[in-house]
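Here is my_file03.cif, consisting of mmCIF, C-alpha atoms:
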data_target
loop_
_atom_site.label_atom_id
_atom_site.label_comp_id
_atom_site.auth_asym_id
_atom_site.auth_seq_id
_atom_site.Cartn_x
_atom_site.Cartn_y
_atom_site.Cartn_z
CA MET A 1 27.52 116.53 20.46
CA LYS A 2 28.48 112.98 21.24
CA ARG A 3 30.38 114.12 24.29
CA VAL A 4 27.38 116.03 25.57
CA ARG A 5 25.27 112.93 25.12
CA THR A 6 27.67 110.67 27.01
CA ALA A 7 27.89 113.26 29.78
CA LEU A 8 24.09 113.42 29.99
CA LYS A 9 23.89 109.65 30.03
CA LYS A 10 26.41 109.44 32.87
CA ALA A 11 24.57 112.12 34.82
CA GLY A 12 21.32 110.23 34.28
CA ILE A 13 22.81 107.01 35.63
CA ALA A 14 24.20 108.86 38.65
CA LEU A 15 20.79 110.42 39.32
CA LEU A 16 19.17 107.00 39.10
CA TYR A 17 21.52 105.66 41.79
CA LEU A 18 20.87 108.72 43.97
CA ALA A 19 17.11 108.24 43.57
CA VAL A 20 17.37 104.60 44.63
CA TRP A 21 19.46 105.63 47.63
CA GLN A 22 16.93 108.35 48.56
CA LEU A 23 14.00 105.93 48.24
CA LEU A 24 15.73 103.26 50.32
CA SER A 25 16.53 105.75 53.04
CA LEU A 26 12.93 107.05 53.00
CA ALA A 27 11.65 103.48 53.24
CA LYS A 28 13.98 102.79 56.16
CA GLY A 29 12.96 106.09 57.76
CA ASN A 30 15.96 106.11 60.08
CA GLU A 31 18.90 108.46 59.56
CA PHE A 32 21.12 106.43 61.89
CA LEU A 33 20.82 103.29 59.85
CA LEU A 34 20.61 104.69 56.33
CA PRO A 35 21.08 108.43 55.96
CA SER A 36 19.68 110.14 52.88
CA PRO A 37 21.86 111.67 50.17
CA VAL A 38 20.89 115.12 51.41
CA SER A 39 22.01 114.58 54.99
CA THR A 40 25.19 112.91 53.74
CA LEU A 41 25.90 115.97 51.64
CA LYS A 42 25.16 118.23 54.62
CA SER A 43 27.67 116.32 56.77
CA LEU A 44 30.20 116.50 53.99
CA VAL A 45 29.82 120.27 53.75
CA SER A 46 30.21 120.68 57.49
CA LEU A 47 33.24 118.36 57.46
CA MET A 48 34.76 120.43 54.73
CA GLY A 49 34.49 123.47 56.94
CA THR A 50 37.07 122.06 59.37
CA ALA A 51 40.85 122.12 59.05
CA THR A 52 41.04 118.54 60.34
CA PHE A 53 39.25 117.37 57.21
CA TYR A 54 41.98 118.65 54.92
CA TRP A 55 44.75 117.36 57.13
CA SER A 56 43.14 113.94 57.26
CA VAL A 57 42.57 113.79 53.53
CA GLY A 58 46.08 115.07 52.79
CA MET A 59 47.78 112.61 55.12
CA SER A 60 45.70 109.67 53.89
CA LEU A 61 46.48 110.63 50.31
CA ALA A 62 50.18 110.81 51.10
CA ARG A 63 50.04 107.38 52.75
CA VAL A 64 48.20 105.83 49.81
CA ALA A 65 50.67 107.35 47.36
CA GLY A 66 53.58 106.09 49.45
CA GLY A 67 52.20 102.60 50.00
CA PHE A 68 51.24 102.21 46.37
CA LEU A 69 54.57 103.45 45.10
CA LEU A 70 56.55 101.28 47.50
CA GLY A 71 54.49 98.20 46.67
CA THR A 72 54.79 98.87 42.95
CA ILE A 73 58.55 99.28 43.09
CA PHE A 74 59.10 96.14 45.16
CA GLY A 75 56.51 94.16 43.19
CA THR A 76 58.19 95.12 39.92
CA LEU A 77 61.66 94.20 41.16
CA LEU A 78 60.47 90.88 42.60
CA GLY A 79 58.55 90.12 39.41
CA LEU A 80 61.60 90.75 37.24
CA LEU A 81 63.71 88.62 39.57
CA THR A 82 61.37 85.62 39.66
CA GLY A 83 60.41 85.99 36.00
CA PHE A 84 63.99 85.74 34.82
CA SER A 85 65.49 83.40 37.40
CA LYS A 86 63.98 80.02 38.08
CA THR A 87 66.01 79.70 41.27
CA ALA A 88 64.74 83.02 42.56
CA GLY A 89 61.22 81.94 41.64
CA GLU A 90 61.50 78.76 43.67
CA LEU A 91 63.21 80.52 46.55
CA LEU A 92 60.64 83.30 46.78
CA SER A 93 57.53 81.29 46.06
CA PRO A 94 56.74 80.71 49.78
CA LEU A 95 57.05 84.46 50.40
CA LYS A 96 54.57 85.08 47.60
CA GLY A 97 52.19 82.58 49.17
CA ILE A 98 52.49 84.20 52.59
CA LEU A 99 51.95 87.70 51.20
CA LYS A 100 48.91 86.57 49.27
CA ALA A 101 47.22 84.56 52.02
CA THR A 102 47.93 86.46 55.25
CA PRO A 103 45.06 88.71 56.28
CA VAL A 104 46.04 92.35 56.00
CA ALA A 105 44.77 92.88 59.56
CA SER A 106 47.45 90.51 60.90
CA PHE A 107 50.14 92.60 59.27
CA ILE A 108 48.61 95.79 60.64
CA ILE A 109 48.54 94.47 64.20
CA LEU A 110 52.11 93.19 63.89
CA VAL A 111 53.34 96.54 62.62
CA LEU A 112 51.50 98.28 65.44
CA LEU A 113 53.48 96.09 67.85
CA TRP A 114 56.80 96.54 66.09
CA LEU A 115 56.70 100.10 64.78
CA ASN A 116 54.10 102.82 65.16
CA LYS A 117 50.58 103.66 64.08
CA SER A 118 51.55 106.08 61.38
CA VAL A 119 53.42 103.45 59.33
CA ALA A 120 50.90 100.63 59.80
CA PRO A 121 48.64 101.75 56.91
CA LEU A 122 51.68 102.08 54.68
CA VAL A 123 52.67 98.50 55.42
CA ALA A 124 49.12 97.29 54.88
CA MET A 125 49.05 98.82 51.40
CA PHE A 126 52.52 97.55 50.64
CA VAL A 127 51.42 94.04 51.55
CA MET A 128 48.35 94.40 49.36
CA VAL A 129 50.00 95.96 46.30
CA THR A 130 53.27 94.01 46.13
CA PRO A 131 51.92 90.53 45.31
CA LEU A 132 49.53 91.91 42.66
CA ILE A 133 52.27 93.75 40.79
CA TRP A 134 54.71 90.92 41.40
CA ALA A 135 52.41 88.34 39.81
CA SER A 136 51.73 90.51 36.78
CA VAL A 137 55.39 91.27 36.05
CA ASP A 138 56.39 87.66 36.64
CA ALA A 139 53.71 86.39 34.25
CA GLY A 140 54.52 89.13 31.74
CA VAL A 141 58.20 88.21 31.62
CA ARG A 142 57.38 84.54 31.12
CA ALA A 143 54.81 85.31 28.46
CA ALA A 144 57.27 87.22 26.26
CA ASP A 145 57.26 85.80 22.73
CA LYS A 146 59.87 83.01 22.54
CA ASN A 147 60.32 83.56 18.81
CA LEU A 148 61.12 87.24 19.28
CA LEU A 149 63.58 86.38 22.03
CA GLU A 150 65.29 83.84 19.78
CA THR A 151 65.46 86.49 17.05
CA ALA A 152 67.07 88.90 19.51
CA ARG A 153 69.62 86.21 20.35
CA LEU A 154 70.47 85.61 16.70
CA PHE A 155 70.94 89.30 15.96
CA LYS A 156 72.98 89.70 19.16
CA LEU A 157 70.68 92.35 20.59
CA SER A 158 72.07 93.65 23.89
CA ARG A 159 70.43 92.66 27.16
CA ARG A 160 69.31 96.23 27.76
CA LYS A 161 67.68 96.51 24.34
CA THR A 162 66.03 93.10 24.67
CA LEU A 163 64.52 94.17 27.97
CA LEU A 164 63.44 97.55 26.62
CA HIS A 165 62.11 96.49 23.22
CA ILE A 166 60.81 92.97 23.76
CA TYR A 167 60.06 92.29 27.42
CA LEU A 168 58.76 95.72 28.38
CA PRO A 169 56.21 96.16 25.57
CA SER A 170 54.89 92.64 26.03
CA LEU A 171 54.30 93.00 29.75
CA LEU A 172 53.03 96.58 29.67
CA PRO A 173 49.30 95.98 29.02
CA GLN A 174 48.81 93.63 31.96
CA TYR A 175 51.17 95.71 34.08
CA LEU A 176 48.98 98.78 33.61
CA ALA A 177 45.88 96.75 34.44
CA ALA A 178 47.56 95.41 37.59
CA CYS A 179 48.57 98.92 38.66
CA THR A 180 45.00 100.15 38.39
CA THR A 181 43.64 97.19 40.36
CA ALA A 182 46.39 97.53 42.95
CA LEU A 183 45.57 101.19 43.45
CA GLY A 184 41.96 100.37 44.29
CA PHE A 185 43.12 97.74 46.76
CA ALA A 186 45.62 100.18 48.25
CA TRP A 187 42.82 102.57 49.12
CA LYS A 188 40.67 99.91 50.72
CA ALA A 189 43.52 98.32 52.66
CA GLY A 190 44.88 101.74 53.61
CA VAL A 191 41.62 103.03 55.04
CA ALA A 192 40.96 99.73 56.83
CA ALA A 193 44.43 99.96 58.36
CA GLU A 194 43.81 103.55 59.41
CA ILE A 195 40.66 102.45 61.21
CA ILE A 196 42.59 99.83 63.14
CA ALA A 197 45.75 101.85 63.73
CA GLN A 198 44.16 105.30 64.03
CA PRO A 199 47.02 107.59 63.17
CA ALA A 200 46.25 111.15 64.28
CA GLN A 201 45.37 112.61 60.90
CA SER A 202 43.57 110.14 58.70
CA ILE A 203 40.33 109.39 56.94
CA GLY A 204 40.24 106.12 58.88
CA ARG A 205 40.14 107.99 62.15
CA GLY A 206 37.31 110.14 60.83
CA LEU A 207 35.41 106.98 59.94
CA TYR A 208 36.12 105.45 63.34
CA GLU A 209 34.94 108.51 65.21
CA SER A 210 31.73 108.69 63.25
CA LYS A 211 31.12 105.11 64.30
CA ILE A 212 31.79 105.87 67.98
CA TYR A 213 29.39 108.81 67.97
CA ILE A 214 26.91 106.95 65.76
CA GLU A 215 27.17 109.75 63.20
CA THR A 216 26.07 107.66 60.27
CA PRO A 217 25.71 110.62 57.83
CA GLU A 218 29.32 111.49 58.62
CA LEU A 219 30.34 107.88 58.01
CA PHE A 220 28.68 108.10 54.62
CA ALA A 221 30.32 111.46 53.93
CA TRP A 222 33.80 110.06 54.66
CA THR A 223 33.06 107.03 52.52
CA LEU A 224 32.02 109.31 49.71
CA VAL A 225 35.30 111.17 50.08
CA VAL A 226 37.25 107.90 49.82
CA ILE A 227 35.33 106.84 46.72
CA LEU A 228 35.84 110.20 45.00
CA LEU A 229 39.54 110.37 45.89
CA SER A 230 40.09 106.80 44.80
CA MET A 231 38.45 107.49 41.44
CA ALA A 232 40.43 110.69 40.93
CA PHE A 233 43.67 108.96 41.90
CA GLU A 234 42.99 106.10 39.53
CA LYS A 235 42.35 108.54 36.68
CA LEU A 236 45.58 110.34 37.47
CA VAL A 237 47.64 107.14 37.53
CA ALA A 238 45.96 105.87 34.36
CA ALA A 239 46.82 109.16 32.63
CA LEU A 240 50.43 108.98 33.80
CA LEU A 241 50.81 105.36 32.75
CA GLY A 242 49.01 106.02 29.49
CA ARG A 243 51.65 108.58 28.69
CA ILE A 244 54.36 105.96 29.23
CA ARG A 245 52.54 103.64 26.87
CA ALA A 246 52.36 106.17 24.04
CA MET B 1 84.08 74.97 4.74
CA ILE B 2 81.35 74.36 7.25
CA LEU B 3 81.24 70.72 8.16
CA LEU B 4 78.58 68.70 9.96
CA HIS B 5 79.95 65.50 11.49
CA ASP B 6 77.40 62.85 12.39
CA VAL B 7 75.01 65.48 13.68
CA SER B 8 71.75 64.48 15.38
CA CYS B 9 69.22 67.01 16.63
CA ALA B 10 66.05 66.69 18.63
CA TYR B 11 63.16 69.07 18.81
CA ASP B 12 60.71 68.73 21.69
CA GLY B 13 62.25 65.36 22.52
CA LYS B 14 61.67 64.11 18.97
CA ALA B 15 64.63 63.24 16.76
CA VAL B 16 64.66 65.51 13.72
CA LEU B 17 68.08 65.13 12.15
CA GLN B 18 69.93 61.85 12.47
CA ASN B 19 73.61 61.22 11.85
CA LEU B 20 73.83 63.90 9.25
CA ASN B 21 77.12 64.50 7.44
CA LEU B 22 77.23 67.61 5.28
CA ALA B 23 79.66 70.14 3.88
CA PHE B 24 78.84 73.76 3.02
CA PRO B 25 81.23 75.93 0.99
CA GLN B 26 82.55 79.27 2.28
CA ILE B 27 81.13 81.00 -0.74
CA GLY B 28 78.06 80.30 -2.81
CA ALA B 29 74.43 79.43 -2.41
CA VAL B 30 73.01 76.15 -1.17
CA ALA B 31 69.39 75.05 -1.37
CA LEU B 32 67.89 72.74 1.23
CA THR B 33 64.87 70.97 -0.19
CA GLY B 34 62.56 68.19 0.83
CA PRO B 35 59.03 67.84 2.16
CA SER B 36 57.93 69.55 5.40
CA GLY B 37 59.03 68.02 8.64
CA THR B 38 62.33 66.69 7.39
CA GLY B 39 64.38 69.14 9.43
CA LYS B 40 65.16 72.04 7.10
CA THR B 41 64.29 74.61 9.77
CA THR B 42 66.20 72.63 12.40
CA LEU B 43 69.27 72.52 10.17
CA LEU B 44 69.11 76.29 9.64
CA LYS B 45 68.80 76.91 13.36
CA LEU B 46 71.75 74.61 13.92
CA LEU B 47 73.82 76.67 11.47
CA ALA B 48 72.59 79.81 13.25
CA GLY B 49 73.92 78.47 16.53
CA LEU B 50 70.46 78.67 18.09
CA ILE B 51 70.35 74.97 18.89
CA THR B 52 73.08 72.53 19.81
CA PRO B 53 73.18 69.01 18.45
CA VAL B 54 72.38 66.06 20.70
CA SER B 55 75.39 64.28 19.24
CA GLY B 56 78.05 64.98 16.64
CA HIS B 57 79.52 68.41 16.00
CA VAL B 58 79.59 71.36 13.65
CA GLU B 59 82.85 72.82 12.44
CA GLY B 60 83.73 76.11 10.79
CA LEU B 61 81.15 78.46 12.30
CA ASN B 62 83.43 80.09 14.85
CA GLY B 63 83.68 83.83 14.47
CA LYS B 64 81.15 83.87 11.63
CA ARG B 65 78.44 86.52 11.65
CA VAL B 66 75.17 84.84 10.82
CA SER B 67 72.00 86.58 9.67
CA MET B 68 68.65 84.92 9.15
CA VAL B 69 65.11 85.16 7.85
CA PHE B 70 63.05 82.85 10.01
CA GLN B 71 60.09 80.80 8.88
CA GLU B 72 57.90 83.38 10.68
CA ASP B 73 58.40 87.11 10.12
CA ARG B 74 59.12 87.74 13.80
CA LEU B 75 58.73 91.50 13.71
CA LEU B 76 58.13 93.55 16.84
CA PRO B 77 54.41 94.39 16.63
CA TRP B 78 54.91 97.65 18.58
CA ARG B 79 57.55 99.08 16.25
CA THR B 80 57.40 100.48 12.71
CA ALA B 81 59.04 98.73 9.77
CA LEU B 82 61.97 101.13 9.89
CA GLU B 83 62.42 100.72 13.64
CA ASN B 84 62.21 96.95 13.30
CA VAL B 85 65.10 96.93 10.88
CA ALA B 86 67.16 99.70 12.50
CA LEU B 87 66.95 98.23 15.99
CA PHE B 88 68.57 94.97 14.92
CA CYS B 89 71.14 96.26 12.46
CA GLY B 90 71.98 99.39 14.43
CA ASP B 91 72.21 101.72 11.43
CA GLU B 92 69.11 103.74 10.63
CA ARG B 93 70.34 105.07 7.30
CA LEU B 94 71.26 101.64 6.04
CA ALA B 95 67.95 100.29 7.35
CA ARG B 96 66.04 102.93 5.38
CA GLU B 97 68.06 102.23 2.22
CA THR B 98 67.52 98.49 2.50
CA LEU B 99 63.77 98.88 2.95
CA VAL B 100 63.60 101.19 -0.06
CA ARG B 101 65.55 98.68 -2.14
CA LEU B 102 62.94 96.08 -1.24
CA GLU B 103 60.23 98.47 -2.48
CA LEU B 104 58.95 99.37 0.97
CA SER B 105 59.38 103.15 0.87
CA ASP B 106 55.67 103.63 1.66
CA ALA B 107 55.81 101.24 4.60
CA LEU B 108 58.69 102.76 6.58
CA ASP B 109 56.53 104.28 9.30
CA LYS B 110 53.88 101.58 9.42
CA ARG B 111 53.60 98.92 12.07
CA PRO B 112 53.47 95.22 11.11
CA SER B 113 49.70 95.07 11.73
CA GLU B 114 49.22 97.62 8.93
CA LEU B 115 51.30 95.66 6.42
CA SER B 116 50.32 92.83 4.08
CA GLY B 117 51.90 89.39 4.43
CA GLY B 118 54.29 90.00 1.55
CA MET B 119 55.34 93.37 2.96
CA LYS B 120 56.08 91.89 6.38
CA ARG B 121 58.13 89.20 4.69
CA ARG B 122 60.20 91.87 2.96
CA VAL B 123 60.71 93.74 6.23
CA ALA B 124 62.09 90.52 7.70
CA LEU B 125 64.34 90.18 4.63
CA ALA B 126 65.46 93.80 4.98
CA ARG B 127 66.36 93.19 8.61
CA ALA B 128 68.54 90.22 7.66
CA LEU B 129 70.20 92.10 4.76
CA CYS B 130 70.82 95.20 6.84
CA TYR B 131 72.39 93.14 9.64
CA GLY B 132 74.87 91.66 7.17
CA GLY B 133 77.57 89.09 7.90
CA ASP B 134 79.22 86.00 6.45
CA ILE B 135 76.25 83.68 6.22
CA LEU B 136 72.62 84.35 5.33
CA LEU B 137 70.10 81.69 6.32
CA LEU B 138 66.71 81.85 4.62
CA ASP B 139 63.68 79.82 5.65
CA GLU B 140 61.04 80.08 2.92
CA PRO B 141 61.96 83.74 2.43
CA PHE B 142 59.65 84.56 -0.49
CA LYS B 143 56.41 83.40 1.10
CA GLY B 144 53.57 85.68 0.08
CA LEU B 145 55.40 87.44 -2.76
CA ASP B 146 54.05 87.27 -6.32
CA ASP B 147 56.36 85.95 -9.03
CA ALA B 148 57.40 89.31 -10.50
CA LEU B 149 58.22 90.76 -7.08
CA LYS B 150 59.99 87.56 -6.10
CA ILE B 151 62.39 88.00 -9.02
CA ARG B 152 63.13 91.64 -8.15
CA VAL B 153 63.63 90.87 -4.45
CA ALA B 154 65.82 87.85 -5.19
CA LYS B 155 68.14 90.12 -7.19
CA GLN B 156 68.72 92.18 -4.04
CA VAL B 157 69.43 89.08 -1.97
CA LYS B 158 71.59 87.17 -4.46
CA GLY B 159 75.28 87.53 -3.69
CA ALA B 160 74.65 89.88 -0.74
CA PHE B 161 76.41 87.44 1.58
CA PRO B 162 79.41 85.16 0.91
CA LEU B 163 77.29 82.13 1.77
CA THR B 164 73.52 81.84 1.44
CA VAL B 165 71.63 78.79 2.65
CA LEU B 166 68.01 78.61 1.53
CA ALA B 167 65.30 76.24 2.71
CA THR B 168 62.51 75.98 0.18
CA HIS B 169 59.99 73.71 -1.51
CA ASP B 170 60.47 75.52 -4.76
CA MET B 171 63.52 74.82 -6.91
CA ALA B 172 62.77 77.90 -9.01
CA GLU B 173 63.46 80.05 -5.93
CA ALA B 174 66.78 78.29 -5.48
CA GLY B 175 67.57 79.16 -9.07
CA LEU B 176 66.74 82.84 -8.49
CA LEU B 177 69.37 82.96 -5.76
CA GLY B 178 71.89 81.16 -7.95
CA ALA B 179 72.03 78.08 -5.79
CA VAL B 180 74.18 75.48 -7.48
CA GLN B 181 74.40 73.02 -4.65
CA ARG B 182 71.26 71.27 -3.55
CA VAL B 183 70.84 69.24 -0.39
CA GLU B 184 67.85 66.95 -0.23
CA LEU B 185 66.74 66.26 3.32
#
Is it possible to give me this structure as structure tokens?
Amino acid sequence: MKRVRTALKKAGIALLYLAVWQLLSLAKGNEFLLPSPVSTLKSLVSLMGTATFYWSVGMSLARVAGGFLLGTIFGTLLGLLTGFSKTAGELLSPLKGILKATPVASFIILVLLWLNKSVAPLVAMFVMVTPLIWASVDAGVRAADKNLLETARLFKLSRRKTLLHIYLPSLLPQYLAACTTALGFAWKAGVAAEIIAQPAQSIGRGLYESKIYIETPELFAWTLVVILLSMAFEKLVAALLGRIRA
Amino acid sequence: MILLHDVSCAYDGKAVLQNLNLAFPQIGAVALTGPSGTGKTTLLKLLAGLITPVSGHVEGLNGKRVSMVFQEDRLLPWRTALENVALFCGDERLARETLVRLELSDALDKRPSELSGGMKRRVALARALCYGGDILLLDEPFKGLDDALKIRVAKQVKGAFPLTVLATHDMAEAGLLGAVQRVEL
């Protein structure tokens, strides 16, 4: 019963947003500037009738997965390194600063010059995800309970067990939060990079083309696709990580 | 014999022990007493090898296996009582037995957050007993236990290690562990 009620509540909220959207688009009265939910849905359906749509979505998904995974792996390794070693922390601190402050677009353009357009989005996501994960692991390692670590030292707990039973559980909550945030950023950075780099099959290219042909409903449809995929992906990752936690 | 020669220790840049000369026997029980802030905990940590003196030196600890109940319980919040003990002593059967001896058979599969203060204290004691060794260091080990339980638990601790060093405010506790030597700090 409670589940039905929450579902109804969620549906109600969604309908409210749709109604506001519909009203705004009616008020604007111009499908080029603000298409209505109905025309967006129509474009989406017609997009879904083409093979290109599935290729684009599939390739973009693969890139996001790759960029996110790569960034997470590197971020985790760097975080462990700088969390445990003061020297490494000092040595790598400028790199962290650069990664954090450089506009993603600069990286994309550089990669376009150096490599090719298919990898550029991957690099953009990597650049986005790495510092986020890095910072969370680094902080998590430092925040591990000093008393517990001293206890581990007294009882001569092995390095492996100390890492597994003290460091890991204490950094896990913020690590999971960072992963979820990083995933959202990966999508945004990835699609932005696809728009700049325009690899053959990509959501970014779809977005770019709808801009060229002033197909605003299509632009909205693609955006909707990104939002839905991003939400689904986040749920999936949260479920996977939640299993690790249990 | 464990000998402290002219030992001085600092904690957070503040001198805690100054030019201390002490002797501990190989076998027996020693009570460290004195008001808070006189360095009982620091002295225990020194004997545990967790801190090094600023000056002076400690003799006779080489090759000794040291177990300890800290002032805080220091249990892993994400592990059950049994796991907390077994992880550190490496023997699940012994861990279970020790917890049962300390009247914690109902708490084996509970996490620290589900245990009362006195139960957590006993888990910390069980961990130290299960780990075993030559020297047992106890920092206010009976905190949160009522008098009757204190007596029963003390029986399990008394004589479990060749040497027991106990920091306490309460001379009655020292008596329960059979401490004959008393060091006033």
>> Just the number, please: distance in Å from CA of Phe88 (chain B) to CA of Tyr175 (chain A), one decimal.
In response: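 CA of Tyr175 (chain A) lies at a distance of 25.9 Å from CA of Phe88 (chain B).
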Quick one: contact table of chain B to chain A, 9 Å max, nearest atom pair and distance in Å to one decimal per residue, counting only C-alpha atoms, chain and number order, as CSV?
residue,atom,partner,partner_atom,distance
B:Ala48,CA,A:Leu154,CA,7.1
B:Gly49,CA,A:Leu154,CA,7.9
B:Leu50,CA,A:Leu154,CA,7.1
B:Val66,CA,A:Leu154,CA,7.6
B:Ser67,CA,A:Phe155,CA,6.9
B:Met68,CA,A:Leu154,CA,7.8
B:Phe70,CA,A:Thr151,CA,8.3
B:Glu72,CA,A:Asn147,CA,8.5
B:Arg74,CA,A:Leu148,CA,5.9
B:Leu75,CA,A:Leu148,CA,7.4
B:Leu76,CA,A:Leu148,CA,7.4
B:Trp78,CA,A:Pro169,CA,7.3
B:Arg79,CA,A:His165,CA,8.7
B:Leu87,CA,A:Leu157,CA,8.3
B:Phe88,CA,A:Phe155,CA,6.2
B:Cys89,CA,A:Phe155,CA,7.8
B:Ala128,CA,A:Phe155,CA,8.7
B:Tyr131,CA,A:Phe155,CA,7.5
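In this comparison, which uses all atoms listed in the file, the residue of B:Val30, B:Met119, B:Ala23, B:Cys9 approaching Ala179 (chain B) most closely is B:Val30.
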>> I'd like the residues picked by the PyMOL selection byres ((chain B and resi 160) around 10) written out as a ChimeraX atom specification, using the chain letters and numbers from the file.
In response: /B:129,132-136,155-159,161-164
>> Quick one: residues within 9 Å of region 62-72 of chain A, all atoms listed in the file, excluding same-chain residues fewer than 5 positions away - as a count of residues only?
In response: 25
> CA of Leu16 (chain A) to CA of Pro35 (chain A): how many Å, to one decimal?
Replying inline: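 If I compute the distance from CA of Leu16 (chain A) to CA of Pro35 (chain A), I get 17.0 Å.
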